[in-house]
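Structure data (TSV, C-alpha atoms) from upload_3.tsv:
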```tsv
chain	number	residue	atom	x	y	z
A	272	MET	CA	50.76	25.08	-88.97
A	273	SER	CA	51.58	22.07	-86.77
A	274	PHE	CA	50.73	22.03	-83.07
A	275	ALA	CA	54.42	22.15	-82.16
A	276	LYS	CA	55.03	25.21	-84.35
A	277	ALA	CA	51.94	26.96	-83.01
A	278	SER	CA	53.08	26.25	-79.44
A	279	ASP	CA	56.54	27.66	-80.21
A	280	LEU	CA	55.03	30.78	-81.73
A	281	LEU	CA	52.85	31.40	-78.66
A	282	ARG	CA	55.89	30.89	-76.45
A	283	LEU	CA	57.81	33.41	-78.57
A	284	ALA	CA	54.95	35.89	-78.16
A	285	GLU	CA	55.13	35.43	-74.39
A	286	MET	CA	58.88	36.03	-74.39
A	287	SER	CA	58.60	39.18	-76.53
A	288	ALA	CA	55.83	40.56	-74.30
A	289	ALA	CA	57.57	39.78	-71.00
A	290	ARG	CA	61.05	41.13	-71.79
A	291	HIS	CA	61.61	44.87	-71.51
A	292	PHE	CA	63.64	45.20	-74.72
A	293	GLY	CA	61.96	42.33	-76.54
A	294	VAL	CA	63.64	39.22	-77.91
A	295	SER	CA	66.58	38.92	-80.32
A	296	LEU	CA	67.39	36.33	-82.99
A	297	GLN	CA	70.18	34.90	-80.85
A	298	GLU	CA	67.81	34.48	-77.89
A	299	ILE	CA	65.30	32.72	-80.14
A	300	GLU	CA	68.00	30.36	-81.42
A	301	ASP	CA	69.03	29.51	-77.85
A	302	ALA	CA	65.50	29.15	-76.47
A	303	PHE	CA	64.13	26.96	-79.26
A	304	SER	CA	67.34	25.21	-80.40
A	305	VAL	CA	66.90	26.41	-83.99
A	306	ASP	CA	69.20	27.89	-86.61
A	307	ARG	CA	69.25	31.54	-87.78
A	308	ARG	CA	66.94	31.04	-90.76
A	309	THR	CA	64.30	29.31	-88.60
A	310	ALA	CA	64.55	32.11	-86.03
A	311	GLN	CA	63.97	34.67	-88.79
A	312	ARG	CA	60.91	32.74	-90.01
A	313	MET	CA	59.55	32.73	-86.46
A	314	THR	CA	59.88	36.52	-86.14
A	315	LYS	CA	58.12	36.93	-89.50
A	316	ALA	CA	55.26	34.72	-88.26
A	317	LEU	CA	55.13	36.77	-85.05
A	318	GLU	CA	54.77	40.00	-87.07
A	319	ASP	CA	52.07	38.43	-89.27
A	320	LEU	CA	50.03	37.12	-86.33
A	321	PHE	CA	50.21	40.10	-83.96
A	322	ALA	CA	49.58	43.68	-85.05
A	323	ASN	CA	51.39	45.31	-82.11
A	324	VAL	CA	54.90	43.99	-82.71
A	325	GLU	CA	57.57	46.69	-82.57
A	326	THR	CA	61.20	46.29	-83.59
A	327	ARG	CA	64.28	48.16	-82.42
A	328	THR	CA	68.01	47.87	-83.00
A	329	ASP	CA	70.60	48.38	-80.25
A	330	ASP	CA	74.03	50.02	-80.56
A	331	GLN	CA	75.53	46.66	-81.59
A	332	ARG	CA	73.05	46.43	-84.49
A	333	ARG	CA	71.13	43.61	-82.89
A	334	LYS	CA	67.42	43.61	-83.71
A	335	TYR	CA	64.73	42.99	-81.08
A	336	TRP	CA	61.03	42.17	-81.40
A	337	LYS	CA	58.69	43.50	-78.69
A	338	LEU	CA	54.98	42.73	-78.32
A	339	ARG	CA	53.07	45.70	-76.87
A	340	GLY	CA	49.55	46.93	-76.13
A	341	ASP	CA	46.50	44.70	-75.94
A	342	ASP	CA	48.31	41.75	-77.52
A	343	ALA	CA	50.93	41.83	-74.76
A	344	ARG	CA	48.33	42.10	-72.01
A	345	LEU	CA	46.49	39.13	-73.52
A	346	MET	CA	49.64	36.98	-73.50
A	347	LEU	CA	50.62	37.94	-69.96
A	348	SER	CA	47.12	37.34	-68.55
A	349	GLN	CA	47.00	33.67	-69.48
A	350	GLY	CA	48.12	32.58	-66.02
A	351	ILE	CA	50.49	29.77	-65.15
A	352	ARG	CA	50.61	26.36	-66.77
A	353	ASP	CA	50.56	23.14	-64.78
A	354	SER	CA	54.12	22.27	-65.83
A	355	GLU	CA	55.33	25.73	-64.76
A	356	LEU	CA	53.50	25.46	-61.44
A	357	ALA	CA	54.99	22.00	-60.87
A	358	ALA	CA	58.48	23.39	-61.51
A	359	ILE	CA	57.91	26.11	-58.89
A	360	ASP	CA	56.53	23.59	-56.39
A	361	MET	CA	59.51	21.28	-56.91
A	362	SER	CA	61.86	24.22	-56.34
A	363	ILE	CA	60.03	25.05	-53.11
A	364	ARG	CA	60.38	21.47	-51.89
A	365	ARG	CA	64.08	21.40	-52.73
A	366	ALA	CA	64.59	24.68	-50.87
A	367	GLU	CA	62.71	23.32	-47.86
A	368	ARG	CA	64.92	20.23	-47.73
A	369	GLU	CA	68.03	22.38	-47.95
A	370	GLY	CA	66.85	24.74	-45.21
A	371	ALA	CA	66.78	27.78	-47.52
A	372	ALA	CA	64.00	29.62	-45.70
A	373	HIS	CA	64.36	32.87	-47.66
A	374	GLU	CA	64.02	31.07	-51.01
A	375	VAL	CA	61.01	29.11	-49.72
A	376	LYS	CA	59.28	32.34	-48.72
A	377	ALA	CA	60.06	34.11	-52.01
A	378	LEU	CA	59.03	31.18	-54.23
A	379	THR	CA	55.84	30.58	-52.25
A	380	SER	CA	54.92	34.25	-52.59
A	381	LEU	CA	55.53	34.10	-56.36
A	382	ARG	CA	53.42	30.95	-56.64
A	383	ASP	CA	50.51	32.47	-54.74
A	384	ARG	CA	50.63	35.73	-56.71
A	385	LEU	CA	50.56	33.93	-60.05
A	386	LEU	CA	47.64	31.74	-59.00
A	387	SER	CA	45.68	34.70	-57.61
A	388	ALA	CA	45.72	36.35	-61.05
A	389	MET	CA	43.99	33.35	-62.65
A	390	PRO	CA	40.25	32.61	-62.75
A	391	GLY	CA	39.29	30.20	-59.98
A	392	PRO	CA	38.55	27.11	-62.12
A	393	HIS	CA	41.76	27.54	-64.13
A	394	ALA	CA	43.84	27.94	-60.98
A	395	ARG	CA	42.33	24.82	-59.38
A	396	ARG	CA	42.94	22.79	-62.53
A	397	ALA	CA	46.56	23.98	-62.75
A	398	GLU	CA	47.13	23.08	-59.08
A	399	ALA	CA	45.60	19.62	-59.54
A	400	ASP	CA	47.68	18.90	-62.65
A	401	ALA	CA	50.85	20.19	-60.99
A	402	GLU	CA	50.24	17.99	-57.95
A	403	ALA	CA	49.88	14.98	-60.24
A	404	VAL	CA	53.26	15.76	-61.82
A	405	LEU	CA	54.90	16.14	-58.40
A	406	GLU	CA	53.38	12.89	-57.16
A	407	ALA	CA	54.60	11.10	-60.28
A	408	TYR	CA	58.14	12.38	-59.86
A	409	GLY	CA	58.27	11.42	-56.20
A	410	PHE	CA	61.66	12.74	-55.16
A	411	ALA	CA	63.70	15.63	-56.46
A	412	SER	CA	67.06	14.76	-57.88
A	413	ARG	CA	69.96	14.57	-55.45
A	414	PRO	CA	73.00	16.80	-55.90
A	415	GLY	CA	76.28	15.25	-56.96
A	416	PRO	CA	77.19	12.80	-59.74
A	417	ARG	CA	74.34	11.48	-61.84
A	418	VAL	CA	73.74	9.84	-65.17
A	419	ARG	CA	72.96	12.19	-68.06
A	420	ALA	CA	69.25	12.53	-68.82
A	421	ASP	CA	67.59	12.90	-72.21
A	422	LEU	CA	65.33	15.94	-71.73
A	423	LYS	CA	63.05	15.02	-74.63
A	424	LEU	CA	62.61	11.54	-73.18
A	425	LEU	CA	61.84	12.97	-69.74
A	426	SER	CA	59.28	15.34	-71.25
A	427	THR	CA	57.47	12.46	-72.95
A	428	ILE	CA	57.45	10.45	-69.72
A	429	ALA	CA	56.13	13.45	-67.77
A	430	GLU	CA	53.22	13.79	-70.20
A	431	ALA	CA	52.43	10.08	-69.87
A	432	LEU	CA	52.50	10.28	-66.07
A	433	LYS	CA	50.20	13.28	-65.92
A	434	ALA	CA	47.35	11.89	-68.04
A	435	PRO	CA	48.05	8.96	-67.39
A	436	HIS	CA	48.75	7.54	-70.86
A	437	ILE	CA	50.18	4.25	-72.06
A	438	LEU	CA	53.86	4.55	-72.97
A	439	THR	CA	55.63	2.48	-75.61
A	440	VAL	CA	59.39	2.31	-75.04
A	441	SER	CA	62.40	0.69	-76.62
A	442	TYR	CA	64.35	-0.73	-73.68
A	443	ALA	CA	67.59	-2.64	-73.36
A	444	GLY	CA	67.71	-4.54	-70.07
A	445	GLU	CA	70.82	-6.06	-68.54
A	446	ARG	CA	70.15	-9.43	-70.20
A	447	ASP	CA	68.92	-8.08	-73.54
A	448	ASN	CA	71.26	-8.29	-76.51
A	449	ALA	CA	69.32	-5.53	-78.24
A	450	PRO	CA	66.55	-3.09	-77.25
A	451	ARG	CA	63.06	-4.49	-77.40
A	452	GLU	CA	59.70	-2.78	-77.38
A	453	ARG	CA	57.70	-2.67	-74.13
A	454	VAL	CA	54.19	-1.27	-73.70
A	455	LEU	CA	53.98	0.17	-70.19
A	456	GLU	CA	51.63	1.72	-67.68
A	457	PRO	CA	53.86	4.40	-66.08
A	458	TYR	CA	53.42	5.23	-62.38
A	459	GLY	CA	56.33	7.46	-61.41
A	460	LEU	CA	60.01	8.32	-61.47
A	461	LEU	CA	62.69	7.62	-58.91
A	462	LEU	CA	65.43	10.23	-59.25
A	463	GLY	CA	68.89	9.76	-57.83
A	464	LEU	CA	72.35	8.71	-58.96
A	465	ARG	CA	70.44	6.76	-61.60
A	466	ARG	CA	66.87	7.46	-62.69
A	467	TYR	CA	64.23	4.78	-62.87
A	468	LEU	CA	60.76	4.70	-64.37
A	469	VAL	CA	58.32	2.79	-62.17
A	470	ALA	CA	55.86	1.00	-64.44
A	471	ARG	CA	54.15	-2.26	-65.16
A	472	ASP	CA	53.53	-4.01	-68.46
A	473	GLU	CA	50.16	-3.39	-70.07
A	474	GLY	CA	48.14	-6.56	-69.75
A	475	GLY	CA	50.98	-8.23	-67.85
A	476	ASP	CA	51.32	-9.80	-64.43
A	477	GLY	CA	50.65	-6.57	-62.52
A	478	VAL	CA	54.15	-6.45	-61.00
A	479	PHE	CA	55.73	-3.00	-60.73
A	480	ARG	CA	59.16	-2.92	-62.31
A	481	HIS	CA	61.95	-0.36	-62.57
A	482	PHE	CA	63.30	0.71	-65.95
A	483	ARG	CA	66.60	2.58	-66.01
A	484	LEU	CA	66.21	5.77	-68.01
A	485	ASP	CA	69.72	5.50	-69.43
A	486	ARG	CA	68.66	2.22	-71.06
A	487	LEU	CA	65.53	3.67	-72.66
A	488	GLN	CA	66.25	4.25	-76.35
A	489	THR	CA	62.91	5.83	-77.28
A	490	ALA	CA	59.57	6.61	-75.65
A	491	ARG	CA	56.30	7.19	-77.50
A	492	LEU	CA	53.11	8.53	-75.97
A	493	GLU	CA	50.07	6.44	-76.94
A	494	PRO	CA	46.61	8.03	-77.36
A	495	ARG	CA	44.96	5.62	-74.91
A	496	SER	CA	44.96	6.00	-71.15
A	497	PHE	CA	44.79	3.44	-68.34
A	498	GLN	CA	43.24	3.17	-64.88
A	499	ARG	CA	45.84	3.67	-62.16
A	500	ASP	CA	45.90	1.16	-59.32
A	501	PRO	CA	44.30	3.08	-56.41
A	502	GLU	CA	46.34	1.03	-53.92
A	503	PHE	CA	49.68	2.15	-55.34
A	504	ASN	CA	51.53	4.86	-53.42
A	505	LEU	CA	54.83	6.09	-54.82
A	506	ASP	CA	56.15	7.21	-51.42
A	507	ASP	CA	55.50	3.77	-49.92
A	508	HIS	CA	57.02	2.07	-52.94
A	509	ALA	CA	60.13	4.26	-52.88
A	510	ALA	CA	60.58	3.71	-49.13
A	511	ARG	CA	61.23	0.01	-49.76
A	512	ALA	CA	64.68	0.97	-51.08
A	513	PHE	CA	67.63	2.88	-49.66
A	514	GLY	CA	68.24	4.59	-53.00
A	515	ALA	CA	66.53	3.89	-56.31
A	516	PHE	CA	67.31	0.16	-56.63
A	517	HIS	CA	64.73	-2.28	-55.28
A	518	ALA	CA	65.41	-5.91	-54.44
A	519	GLU	CA	62.63	-7.78	-52.69
A	520	ALA	CA	65.03	-10.53	-51.55
A	521	GLU	CA	67.08	-7.93	-49.65
A	522	TYR	CA	64.18	-6.05	-48.06
A	523	GLY	CA	64.23	-6.09	-44.28
A	524	GLU	CA	65.52	-4.51	-41.08
A	525	VAL	CA	68.66	-2.38	-41.39
A	526	VAL	CA	70.59	-1.25	-38.30
A	527	TRP	CA	73.71	0.95	-38.32
A	528	ARG	CA	75.72	2.12	-35.30
A	529	PHE	CA	77.73	5.33	-35.62
A	530	THR	CA	80.58	5.90	-33.16
A	531	PRO	CA	80.22	8.65	-30.52
A	532	SER	CA	82.62	10.87	-32.48
A	533	ALA	CA	80.54	10.53	-35.66
A	534	ALA	CA	77.12	10.68	-33.97
A	535	ARG	CA	76.73	14.46	-34.16
A	536	VAL	CA	77.29	14.47	-37.94
A	537	ALA	CA	75.18	11.36	-38.55
A	538	ARG	CA	72.28	12.85	-36.61
A	539	GLU	CA	71.94	15.55	-39.29
A	540	PHE	CA	71.39	12.97	-42.05
A	541	VAL	CA	68.10	11.57	-43.30
A	542	PHE	CA	69.33	8.15	-44.38
A	543	HIS	CA	65.79	6.95	-45.02
A	544	PRO	CA	62.42	8.77	-44.86
A	545	ARG	CA	61.16	6.33	-42.16
A	546	GLN	CA	64.29	5.98	-40.09
A	547	GLU	CA	64.34	5.74	-36.30
A	548	MET	CA	67.29	7.03	-34.26
A	549	SER	CA	68.34	6.17	-30.72
A	550	GLU	CA	71.41	6.93	-28.62
A	551	ASP	CA	73.48	4.39	-26.71
A	552	PRO	CA	74.78	5.20	-23.21
A	553	ASP	CA	78.28	5.83	-24.62
A	554	GLY	CA	76.95	8.46	-27.07
A	555	ALA	CA	76.88	6.25	-30.16
A	556	LEU	CA	73.96	6.74	-32.56
A	557	VAL	CA	71.88	3.78	-33.74
A	558	VAL	CA	69.84	4.21	-36.94
A	559	ARG	CA	67.10	1.74	-37.93
A	560	PHE	CA	64.91	1.49	-41.03
A	561	ARG	CA	63.49	-1.13	-43.37
A	562	ALA	CA	64.72	-1.12	-46.97
A	563	SER	CA	66.57	-3.01	-49.68
A	564	GLY	CA	69.50	-2.13	-51.92
A	565	TRP	CA	72.62	-3.33	-50.11
A	566	LEU	CA	75.00	-2.19	-52.84
A	567	GLU	CA	73.75	1.41	-52.67
A	568	MET	CA	74.02	1.22	-48.89
A	569	ALA	CA	77.60	-0.02	-49.18
A	570	TRP	CA	78.50	2.87	-51.50
A	571	HIS	CA	77.20	5.33	-48.90
A	572	LEU	CA	78.69	3.60	-45.87
A	573	TYR	CA	82.16	3.63	-47.40
A	574	GLN	CA	82.26	7.41	-46.93
A	575	TRP	CA	82.08	6.95	-43.15
A	576	GLY	CA	85.23	4.82	-42.98
A	577	ASP	CA	85.46	2.96	-39.66
A	578	GLN	CA	83.04	5.37	-37.94
A	579	VAL	CA	80.00	3.20	-38.65
A	580	GLU	CA	79.25	-0.47	-37.99
A	581	VAL	CA	76.52	-2.51	-39.65
A	582	LEU	CA	74.60	-4.50	-37.04
A	583	GLU	CA	71.94	-5.82	-39.43
A	584	PRO	CA	71.57	-7.46	-41.92
A	585	GLU	CA	74.46	-9.87	-41.74
A	586	ASP	CA	74.93	-10.00	-45.53
A	587	LEU	CA	75.41	-6.22	-45.66
A	588	ARG	CA	77.78	-6.41	-42.70
A	589	ARG	CA	79.94	-8.90	-44.58
A	590	LEU	CA	79.81	-6.76	-47.72
A	591	VAL	CA	81.26	-3.65	-46.04
A	592	ASN	CA	83.31	-5.03	-43.15
A	593	ASP	CA	86.60	-5.37	-45.04
A	594	HIS	CA	86.37	-1.83	-46.44
A	595	ARG	CA	86.06	0.24	-43.24
A	596	ARG	CA	89.05	2.59	-43.49
A	597	PRO	CA	90.48	4.57	-40.55
A	598	ASP	CA	92.32	7.22	-42.61
A	599	PHE	CA	89.54	9.43	-44.04
A	600	ALA	CA	90.27	13.05	-43.14
A	601	ALA	CA	86.63	14.09	-42.77
A	602	LEU	CA	83.15	12.69	-42.38
A	603	PRO	CA	80.56	13.13	-45.16
```
Represent the structure contained in this file as structure tokens.
Amino acid sequence: MSFAKASDLLRLAEMSAARHFGVSLQEIEDAFSVDRRTAQRMTKALEDLFANVETRTDDQRRKYWKLRGDDARLMLSQGIRDSELAAIDMSIRRAEREGAAHEVKALTSLRDRLLSAMPGPHARRAEADAEAVLEAYGFASRPGPRVRADLKLLSTIAEALKAPHILTVSYAGERDNAPRERVLEPYGLLLGLRRYLVARDEGGDGVFRHFRLDRLQTARLEPRSFQRDPEFNLDDHAARAFGAFHAEAEYGEVVWRFTPSAARVAREFVFHPRQEMSEDPDGALVVRFRASGWLEMAWHLYQWGDQVEVLEPEDLRRLVNDHRRPDFAALP
């Protein structure tokens, strides 16, 4: 049996032990993206591997498989995996940013209860691995429009980031006529309207580059690892941009002035993680930060119509000045 099939079978055992009525063929098809015949083979393997599998049929003649007794207790006592813990931690951070205090409290309680049931060394290892995943991802995805993501591709990248392992990708850049193979040292993901992999070429010039995930054709995990640059910090790197796009030639002081009527709304925004705000005598709000990415800034500023003025840099001011509309019915 391959590793992937063994992993799926263990996951099926967990599902059948955790669910009160067990698991049906339709649920197996949905959970593992398989057809009916494969789902039937999986239930047969489950019955062969575990002695305490019971079956029942509901009033709609749907059959369920339920793992009971010592086998079920064994499956449910395995604790929480690092990827599962990372998912909970990311949900907690999203809830904190959105001010959902009740969800933060409930998710934190669940996290602590799951970890408390694990042996100490296993719990510490899961926490360390989960923290590495969170650090690699950097920022949770923003709500709103976004480019579709290939979940299999993201899973491969996540594994490479956690180890860390060398990643071989097929990538089509803006100037490439066709995808070409790149061997990369991956350092993190920037998630936003578009998603970027932060990486540098193995044996290259040491420069960190951004690779758009929608232009990655394939990604393959290599068996060899690499030594991460101890000086690299994803938060510091991400802060050099307004969004996900970095441009060293544009990096510098950014100053926006929101009118007194827009100041109250603007004060609730975090435009940049290292922003500074001050208030003019007339009630206008001045926001300062250092970043690049003038085009992404222009996209955002357009939403404010004529209620915001760019004071610096001059190139950004010229980019947006002719598009400041007075007829928007509401502020962002």
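CA of Leu590 in chain A lies 19.8 Å from CA of His543 in chain A.
Using only C-alpha atoms, the nearest neighbour of Leu468 in chain A within the list A:Arg451, A:Arg589, A:Arg290, A:Arg486 is A:Arg486.
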Straight-line distance linking CA of Leu582 in chain A with CA of Ser532 in chain A, stated in Å to one decimal: 17.9 Å
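Remark: residues at most 12 Å from position (86.3, 14.5, -41.5) in file coordinates are Ser532, Ala533, Val536, Ala537, Gln574, Trp575, Gly576, Asp577, Gln578, Pro597, Asp598, Phe599, Ala600, Ala601, Leu602 and Pro603 of chain A, using all atoms listed in the file.
Picture a line from CA of Ala310 in chain A to CA of Gln297 in chain A; it runs 8.1 Å.
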List every protein, DNA or RNA residue that has at least one atom no more than 12 Å from (68.0, 34.8, -78.7) in the file's coordinates, counting all atoms listed in the file, and write the result as a tab-separated table (two decimals) with C-alpha atoms, keeping the file's coordinate frame.
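Result written to selection37.tsv:
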```tsv
chain	number	residue	atom	x	y	z
A	283	LEU	CA	57.81	33.41	-78.57
A	286	MET	CA	58.88	36.03	-74.39
A	287	SER	CA	58.60	39.18	-76.53
A	290	ARG	CA	61.05	41.13	-71.79
A	292	PHE	CA	63.64	45.20	-74.72
A	293	GLY	CA	61.96	42.33	-76.54
A	294	VAL	CA	63.64	39.22	-77.91
A	295	SER	CA	66.58	38.92	-80.32
A	296	LEU	CA	67.39	36.33	-82.99
A	297	GLN	CA	70.18	34.90	-80.85
A	298	GLU	CA	67.81	34.48	-77.89
A	299	ILE	CA	65.30	32.72	-80.14
A	300	GLU	CA	68.00	30.36	-81.42
A	301	ASP	CA	69.03	29.51	-77.85
A	302	ALA	CA	65.50	29.15	-76.47
A	303	PHE	CA	64.13	26.96	-79.26
A	304	SER	CA	67.34	25.21	-80.40
A	305	VAL	CA	66.90	26.41	-83.99
A	306	ASP	CA	69.20	27.89	-86.61
A	307	ARG	CA	69.25	31.54	-87.78
A	309	THR	CA	64.30	29.31	-88.60
A	310	ALA	CA	64.55	32.11	-86.03
A	311	GLN	CA	63.97	34.67	-88.79
A	313	MET	CA	59.55	32.73	-86.46
A	314	THR	CA	59.88	36.52	-86.14
A	333	ARG	CA	71.13	43.61	-82.89
A	334	LYS	CA	67.42	43.61	-83.71
A	335	TYR	CA	64.73	42.99	-81.08
A	336	TRP	CA	61.03	42.17	-81.40
```
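Of the residues under consideration (A:Val579, A:Leu556, A:Leu587, A:Ala510), A:Leu587 shows the shortest atom-to-atom contact distance to Val525 in chain A when counting only C-alpha atoms.
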- line: Using all atoms listed in the file, the best pick from A:Pro435, A:Pro531, A:Gly444, A:Gly477 as closest to Pro457 in chain A would be A:Pro435
